[in-house]
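J.: Please find one structure pasted underneath; my questions will follow.
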There are 2 protein chains.
Amino acid sequence: MTSFEMTDRNRLRRKPGRAAYDRDTIWTVVDDALICHVGFIHEGQPFVIPTLHARREDEILLHGAASSRLIRHIAAGQPVCLTVTHIDGIVMAKTVFNHSINYRSAVIFGRGRLVDEPAEKLAALEQFTEKLLPGRWADVRPPNTIEMKATAIVAVAIESASAKIRQGGPKDDPPDTEWPAWAGVLPLQMVMAPPEPAAYNHAGQPLPGYITDYLARFSLPDGS
Amino acid sequence: MTSFEMTDRNRLRRKPGRAAYDRDTIWTVVDDALICHVGFIHEGQPFVIPTLHARREDEILLHGAASSRLIRHIAAGQPVCLTVTHIDGIVMAKTVFNHSINYRSAVIFGRGRLVDEPAEKLAALEQFTEKLLPGRWADVRPPNTIEMKATAIVAVAIESASAKIRQGGPKDDPPDTEWPAWAGVLPLQMVMAPPEPAAYNHAGQPLPGYITDYLARFSLPDGS
């Protein structure tokens with residue numbers, strides 16, 4: 001099964017031409033993002049909390065303090081919704097109505113479980129650390145017993161999902177295309193500014209290769 | 001009342017030192033963001049949908065197709081949660097456990113209403129357009145009757161809110177501070193790449209001043 005079944009829960013009613021239900025498309029959107037927004041229900045009230053995530057096949061891993069409300073809710077197996085969004089540009093049309101933004105988003109539905117088997121938990125922490133910065137895990141002090149206890153990992157089994165993507169320029173129809181205003185896209189992109197070393201680094205400590213490699217991934221299209 | 005009352009709903013249990021309940025702090029986080037993630041409940045299932053927003057005093061304005069599930073739910077006055085998040089950097093510590101990210105987030109609770117009075121609706125559309133790009137409203141073709149009918153605006157009255165902010169470098173304790181790995185912050189920032197004009201612009205049409213002014217707001221700290 002490379003695509004998720006279209007159901008009442010994940011089907012996009014608005015602009016179905018922007019929808020995707022295949023895992024390849026959805027996973028690319030999910031894996032490219034540092035954080036997701038997790039929705040859950042507590043006493044009839046919806047909550048939406050941003051948190052770091054990692055994906056392993058059809059599961060999303062989240063972590064947090066063992067005492068956190070978010071983690072406890074997910075561990076209890078309540079239905080959750082995880083949404084990931086990238087903003088890629090502002091789409092300026094000649095008409096107010098046709099203004100838009102370019103984006104890639106994914107909406108995931110599932111239920112969680114606590115990951116408490118020690119080897120699986122350590123592997124999840126390694127995956128989180130490597131997602132933040134590939135190469136990092138081997139370079140830093142591993143978690144000790146107290147830290148492992150203070151950290152909780154939950155895995156959300158993905159039951160259903162969809163992606164929604166808008167790309168490209170504005171769409172105006174004649175005669176609006178003759179309107180004098182400038183139309184086009186203002187592309188937005190996340191970049192990395194120069195690293196800021198901690199005061200307690202060793203004096204003159206150089207950036208490791210895996211960090212300089214990583215910085216190159218966040219450069220602008222013109223290479224700056 | 002410059003601050004929201006701390007209640008069971010908006011009180012931050014984890015890392016209370018990162019919490020803020022005053023409107024100035026919360027509004028800065030909200031107003032700096034293009035989009036929010038809206039959480040609502042439909043048949044016992046939480047949904048989280050990204051959408052553009054604008055704020056007017058203690059209300060958040062959202063817009064969408066009159067037929068959209070999100071808009072209909074909000075217009076019906078159901079409880080919603082709106083969350084805004086900015087990612088400002090990856091915090092690399094000497095220990096796995098102390099890795100973090102720098103961020104500014106705001107979580108808002110409220111209930112919506114449909115904005116259907118024509119003058120209020122038009123003013124809301126002007127505010128959305130001006131938030132996307134200040135100066136834009138006066139330059140583009142205003143909405144016509146059909147477009148006004150196809151667009152729905154909802155206003156969420158903010159009942160409760162909080163912000164959570166992490167800034168600054170990693171925090172390791174001795175003896176971990178002696179660990180050899182490089183520690184510090186990799187700052188992340190949204191920037192604007194060069195504008196991409198629509199094919200149907202007039203030949204050689206220059207960027208208007210309000211767009212070049214806007215681009216300058218998205219430059220890197222070194223001015224590039």
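Chain identifiers are assigned as A, B, and so on, following the order in which chains appear in the structure tokens; residues are numbered from 1 within each chain, and ligands are numbered from 1 in order of appearance.
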Find the residues near segment 43-55 of chain B: any atom within 8 Å, counting only C-alpha atoms, skip ones fewer than 2 places away on the same chain, and give them as a ChimeraX atom specification.
T.: /A:37-41,46,48,79-83,85,105,107 /B:30-31,34-41,57-63,70,127-128,131
J.: Do you know which residues are at most 12 Å from Lys15 of chain B counting only C-alpha atoms, after dropping those on the same chain fewer than 6 positions away, and could you put them as a list in words?
T.: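 My reading of the contact set: Gly64, Ala65, Ser67 and Ser68 of chain A; Ala163, Lys164, Ile165 and Arg166 of chain B.
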J.: Run DSSP on the backbone of this structure and report the residues of segment 130-175 of chain A it assigns to alpha helix (DSSP H), as a list in words.
T.: Glu130, Lys131, Leu132, Thr145, Ile146, Glu147, Met148, Lys149 and Ala150 of chain A
J.: How would the residues just chosen look if you wrote them out with N, CA and C atoms as a CSV table (one decimal), in the first residue's frame?
T.:
chain,number,residue,atom,x,y,z
A,130,GLU,N,19.9,12.8,15.4
A,130,GLU,CA,20.4,12.7,14.0
A,130,GLU,C,19.6,13.5,13.1
A,131,LYS,N,18.3,13.7,13.4
A,131,LYS,CA,17.4,14.5,12.6
A,131,LYS,C,17.7,16.0,12.8
A,132,LEU,N,18.0,16.4,14.0
A,132,LEU,CA,18.3,17.8,14.3
A,132,LEU,C,19.6,18.1,13.5
A,145,THR,N,21.1,7.3,32.9
A,145,THR,CA,19.9,6.6,33.4
A,145,THR,C,18.9,7.6,33.9
A,146,ILE,N,19.4,8.7,34.6
A,146,ILE,CA,18.4,9.7,35.1
A,146,ILE,C,17.8,10.4,34.0
A,147,GLU,N,18.6,10.8,32.9
A,147,GLU,CA,18.0,11.5,31.8
A,147,GLU,C,17.0,10.6,31.0
A,148,MET,N,17.4,9.3,30.9
A,148,MET,CA,16.5,8.4,30.2
A,148,MET,C,15.1,8.4,30.9
A,149,LYS,N,15.1,8.4,32.2
A,149,LYS,CA,13.9,8.3,33.0
A,149,LYS,C,13.1,9.6,32.9
A,150,ALA,N,13.8,10.7,32.8
A,150,ALA,CA,13.0,12.0,32.7
A,150,ALA,C,12.4,12.3,31.3
J.: Excluding Arg69 of chain B and its own-chain neighbours fewer than 4 positions away, which residues fall within 10 Å of it when counting only C-alpha atoms? Please give them as a list of chain:residue names.
T.: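 The filter keeps A:Leu12, A:Arg13, A:Arg14, B:His42, B:Gly64, B:Ala65, B:His73, B:Ile74, B:Ala75.
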J.: Considering only C-alpha atoms, state which residue in the set B:Ile87, B:Leu207, B:Arg23, B:Val96 is at the smallest distance from Ala181 of chain B.
T.: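 Of all the options, B:Val96 lies closest to Ala181 of chain B.
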J.: Would you work out the distance separating atom CA of Leu125 of chain B from atom CA of Arg72 of chain B, expressed in Å to one decimal?
T.: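 It comes out at 18.0 Å.
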J.: Restricting the calculation to only C-alpha atoms, which member of A:Tyr210, A:Phe97, A:Trp179, A:Tyr200 is positioned closest to Pro142 of chain B?
T.: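 Comparing A:Tyr210, A:Phe97, A:Trp179, A:Tyr200 against Pro142 of chain B, the winner is A:Phe97.
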J.: Could you pull out the strand (DSSP E) residues of segment 35-87 of chain A from DSSP and send them as an NGL selection string?
T.: :A and (35-42 or 45-56 or 59-65 or 79-87)
J.: Calculated over only C-alpha atoms, which of the candidates A:Asp22, A:Glu159, A:Glu120, A:Asp88 has the smallest distance to chain B?
T.: A:Asp88
J.: Here is a test: counting only C-alpha atoms, which residue of B:Ala119, B:Ala216, B:Met192, B:Ile211 is nearest to chain A?
T.: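 Of B:Ala119, B:Ala216, B:Met192, B:Ile211, the one nearest chain A is B:Met192, counting only C-alpha atoms.
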J.: Which one of A:Asn102, A:Gly209, A:Pro175, A:Val115 sits closest to Gln189 of chain A if you count only C-alpha atoms?
T.: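 Among the listed residues, the smallest separation from Gln189 of chain A belongs to A:Asn102.
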J.: Mind checking which residues fall within 6 Å of Ile101 of chain B, counting only C-alpha atoms, ignoring those fewer than 4 positions away in the same chain, and posting them as a list in words?
T.: Gly89, Ile90 and Val91 of chain B
J.: Considering only C-alpha atoms, can you say which of A:Tyr21, A:Ala66, A:Pro174, A:Pro208 comes closest to Ala138 of chain A?
T.: A:Pro208
J.: Have a look at atom CA of Trp137 of chain B and atom CA of Ala157 of chain B and let me know their distance in Å, one decimal.
T.: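 One can read the atom CA of Trp137 of chain B to atom CA of Ala157 of chain B distance as 25.2 Å.
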J.: For Trp182 of chain B, work out the shell of residues within 10 Å, counting only C-alpha atoms and skipping chain neighbours fewer than 4 positions away, then give it as a ChimeraX atom specification.
T.: /A:136,139-140,197-198,200-202,205-208,211 /B:92-94
J.: Could those selected residues go to a file with all heavy atoms, as a CSV table (one decimal), in the first residue's frame?
T.:
chain,number,residue,atom,x,y,z
A,136,ARG,N,25.5,14.1,14.7
A,136,ARG,CA,25.6,14.6,16.0
A,136,ARG,C,25.7,13.5,17.1
A,136,ARG,O,26.4,13.7,18.1
A,136,ARG,CB,24.4,15.5,16.3
A,136,ARG,CG,24.5,16.3,17.6
A,136,ARG,CD,25.5,17.3,17.5
A,136,ARG,NE,25.6,18.2,18.7
A,136,ARG,CZ,26.7,18.9,19.1
A,136,ARG,NH1,27.7,19.0,18.3
A,136,ARG,NH2,26.7,19.7,20.1
A,139,ASP,N,29.0,12.3,18.5
A,139,ASP,CA,29.9,13.3,19.0
A,139,ASP,C,29.6,13.8,20.4
A,139,ASP,O,30.4,14.5,21.0
A,139,ASP,CB,29.8,14.5,18.0
A,139,ASP,CG,31.0,15.4,18.1
A,139,ASP,OD1,32.1,15.0,18.6
A,139,ASP,OD2,30.9,16.6,17.6
A,140,VAL,N,28.4,13.5,20.9
A,140,VAL,CA,28.0,14.1,22.2
A,140,VAL,C,27.8,13.1,23.3
A,140,VAL,O,27.8,11.9,23.0
A,140,VAL,CB,26.6,14.9,22.0
A,140,VAL,CG1,26.9,16.1,21.2
A,140,VAL,CG2,25.6,14.0,21.4
A,197,PRO,N,28.8,30.0,18.9
A,197,PRO,CA,29.4,29.0,19.8
A,197,PRO,C,29.0,29.3,21.2
A,197,PRO,O,28.9,30.5,21.7
A,197,PRO,CB,30.9,29.1,19.6
A,197,PRO,CG,31.1,30.3,18.6
A,197,PRO,CD,29.8,30.8,18.2
A,198,ALA,N,28.9,28.3,22.0
A,198,ALA,CA,28.7,28.4,23.5
A,198,ALA,C,29.9,28.9,24.1
A,198,ALA,O,31.0,28.6,23.7
A,198,ALA,CB,28.3,27.1,24.1
A,200,TYR,N,31.3,28.0,26.8
A,200,TYR,CA,32.1,27.0,27.4
A,200,TYR,C,32.7,26.0,26.5
A,200,TYR,O,33.2,25.0,26.9
A,200,TYR,CB,31.3,26.2,28.5
A,200,TYR,CG,29.9,25.7,28.1
A,200,TYR,CD1,29.8,24.5,27.4
A,200,TYR,CD2,28.7,26.4,28.4
A,200,TYR,CE1,28.6,23.9,27.0
A,200,TYR,CE2,27.5,25.8,28.0
A,200,TYR,CZ,27.5,24.6,27.3
A,200,TYR,OH,26.2,24.1,26.9
A,201,ASN,N,32.7,26.3,25.1
A,201,ASN,CA,33.5,25.5,24.2
A,201,ASN,C,34.9,25.7,24.5
A,201,ASN,O,35.3,26.8,25.1
A,201,ASN,CB,33.2,26.0,22.8
A,201,ASN,CG,32.0,25.3,22.1
A,201,ASN,OD1,31.6,24.3,22.6
A,201,ASN,ND2,31.5,26.0,21.1
A,202,HIS,N,35.8,24.8,24.1
A,202,HIS,CA,37.2,25.0,24.2
A,202,HIS,C,37.6,26.2,23.3
A,202,HIS,O,37.0,26.4,22.3
A,202,HIS,CB,38.0,23.7,23.8
A,202,HIS,CG,37.6,22.6,24.7
A,202,HIS,ND1,38.0,22.5,26.0
A,202,HIS,CD2,36.9,21.5,24.4
A,202,HIS,CE1,37.5,21.3,26.5
A,202,HIS,NE2,36.9,20.7,25.5
A,205,GLN,N,37.7,26.4,19.3
A,205,GLN,CA,37.2,25.1,18.8
A,205,GLN,C,36.6,25.3,17.5
A,205,GLN,O,35.6,26.1,17.3
A,205,GLN,CB,36.3,24.6,19.9
A,205,GLN,CG,35.8,23.2,19.5
A,205,GLN,CD,35.0,22.6,20.7
A,205,GLN,OE1,35.0,23.1,21.8
A,205,GLN,NE2,34.5,21.4,20.5
A,206,PRO,N,37.1,24.6,16.4
A,206,PRO,CA,36.5,24.7,15.1
A,206,PRO,C,35.1,24.0,15.0
A,206,PRO,O,34.8,23.1,15.8
A,206,PRO,CB,37.5,24.1,14.2
A,206,PRO,CG,38.2,23.0,15.0
A,206,PRO,CD,38.1,23.5,16.5
A,207,LEU,N,34.3,24.4,14.0
A,207,LEU,CA,33.1,23.6,13.7
A,207,LEU,C,33.4,22.3,13.1
A,207,LEU,O,34.3,22.2,12.2
A,207,LEU,CB,32.3,24.4,12.7
A,207,LEU,CG,31.4,25.6,13.1
A,207,LEU,CD1,30.8,26.3,11.9
A,207,LEU,CD2,30.4,25.2,14.1
A,208,PRO,N,32.8,21.2,13.6
A,208,PRO,CA,33.1,19.9,13.0
A,208,PRO,C,32.5,19.8,11.6
A,208,PRO,O,31.6,20.6,11.2
A,208,PRO,CB,32.3,18.9,13.9
A,208,PRO,CG,31.3,19.7,14.6
A,208,PRO,CD,31.8,21.1,14.7
A,211,ILE,N,28.8,19.7,10.8
A,211,ILE,CA,28.0,21.0,10.9
A,211,ILE,C,28.2,21.9,9.7
A,211,ILE,O,27.3,22.4,9.1
A,211,ILE,CB,28.4,21.8,12.2
A,211,ILE,CG1,27.9,20.9,13.4
A,211,ILE,CG2,27.7,23.1,12.2
A,211,ILE,CD1,28.1,21.7,14.8
B,92,MET,N,22.6,23.2,20.1
B,92,MET,CA,23.4,22.0,20.2
B,92,MET,C,24.2,22.0,21.5
B,92,MET,O,25.0,22.9,21.7
B,92,MET,CB,24.4,22.0,19.1
B,92,MET,CG,23.9,22.5,17.7
B,92,MET,SD,22.6,21.5,17.0
B,92,MET,CE,23.5,20.0,16.9
B,93,ALA,N,23.9,21.1,22.4
B,93,ALA,CA,24.6,21.0,23.7
B,93,ALA,C,25.7,19.9,23.6
B,93,ALA,O,25.8,19.2,22.6
B,93,ALA,CB,23.6,20.7,24.8
B,94,LYS,N,26.4,19.8,24.7
B,94,LYS,CA,27.4,18.7,24.8
B,94,LYS,C,26.8,17.4,25.1
B,94,LYS,O,27.5,16.3,24.9
B,94,LYS,CB,28.5,19.1,25.8
B,94,LYS,CG,29.1,20.5,25.6
B,94,LYS,CD,30.6,20.5,25.4
B,94,LYS,CE,31.1,21.9,25.0
B,94,LYS,NZ,32.5,21.8,24.6
J.: Could you check how far atom CA of Thr151 of chain A sits from atom CA of Leu188 of chain B, in Å to one decimal?
T.: 25.4 Å
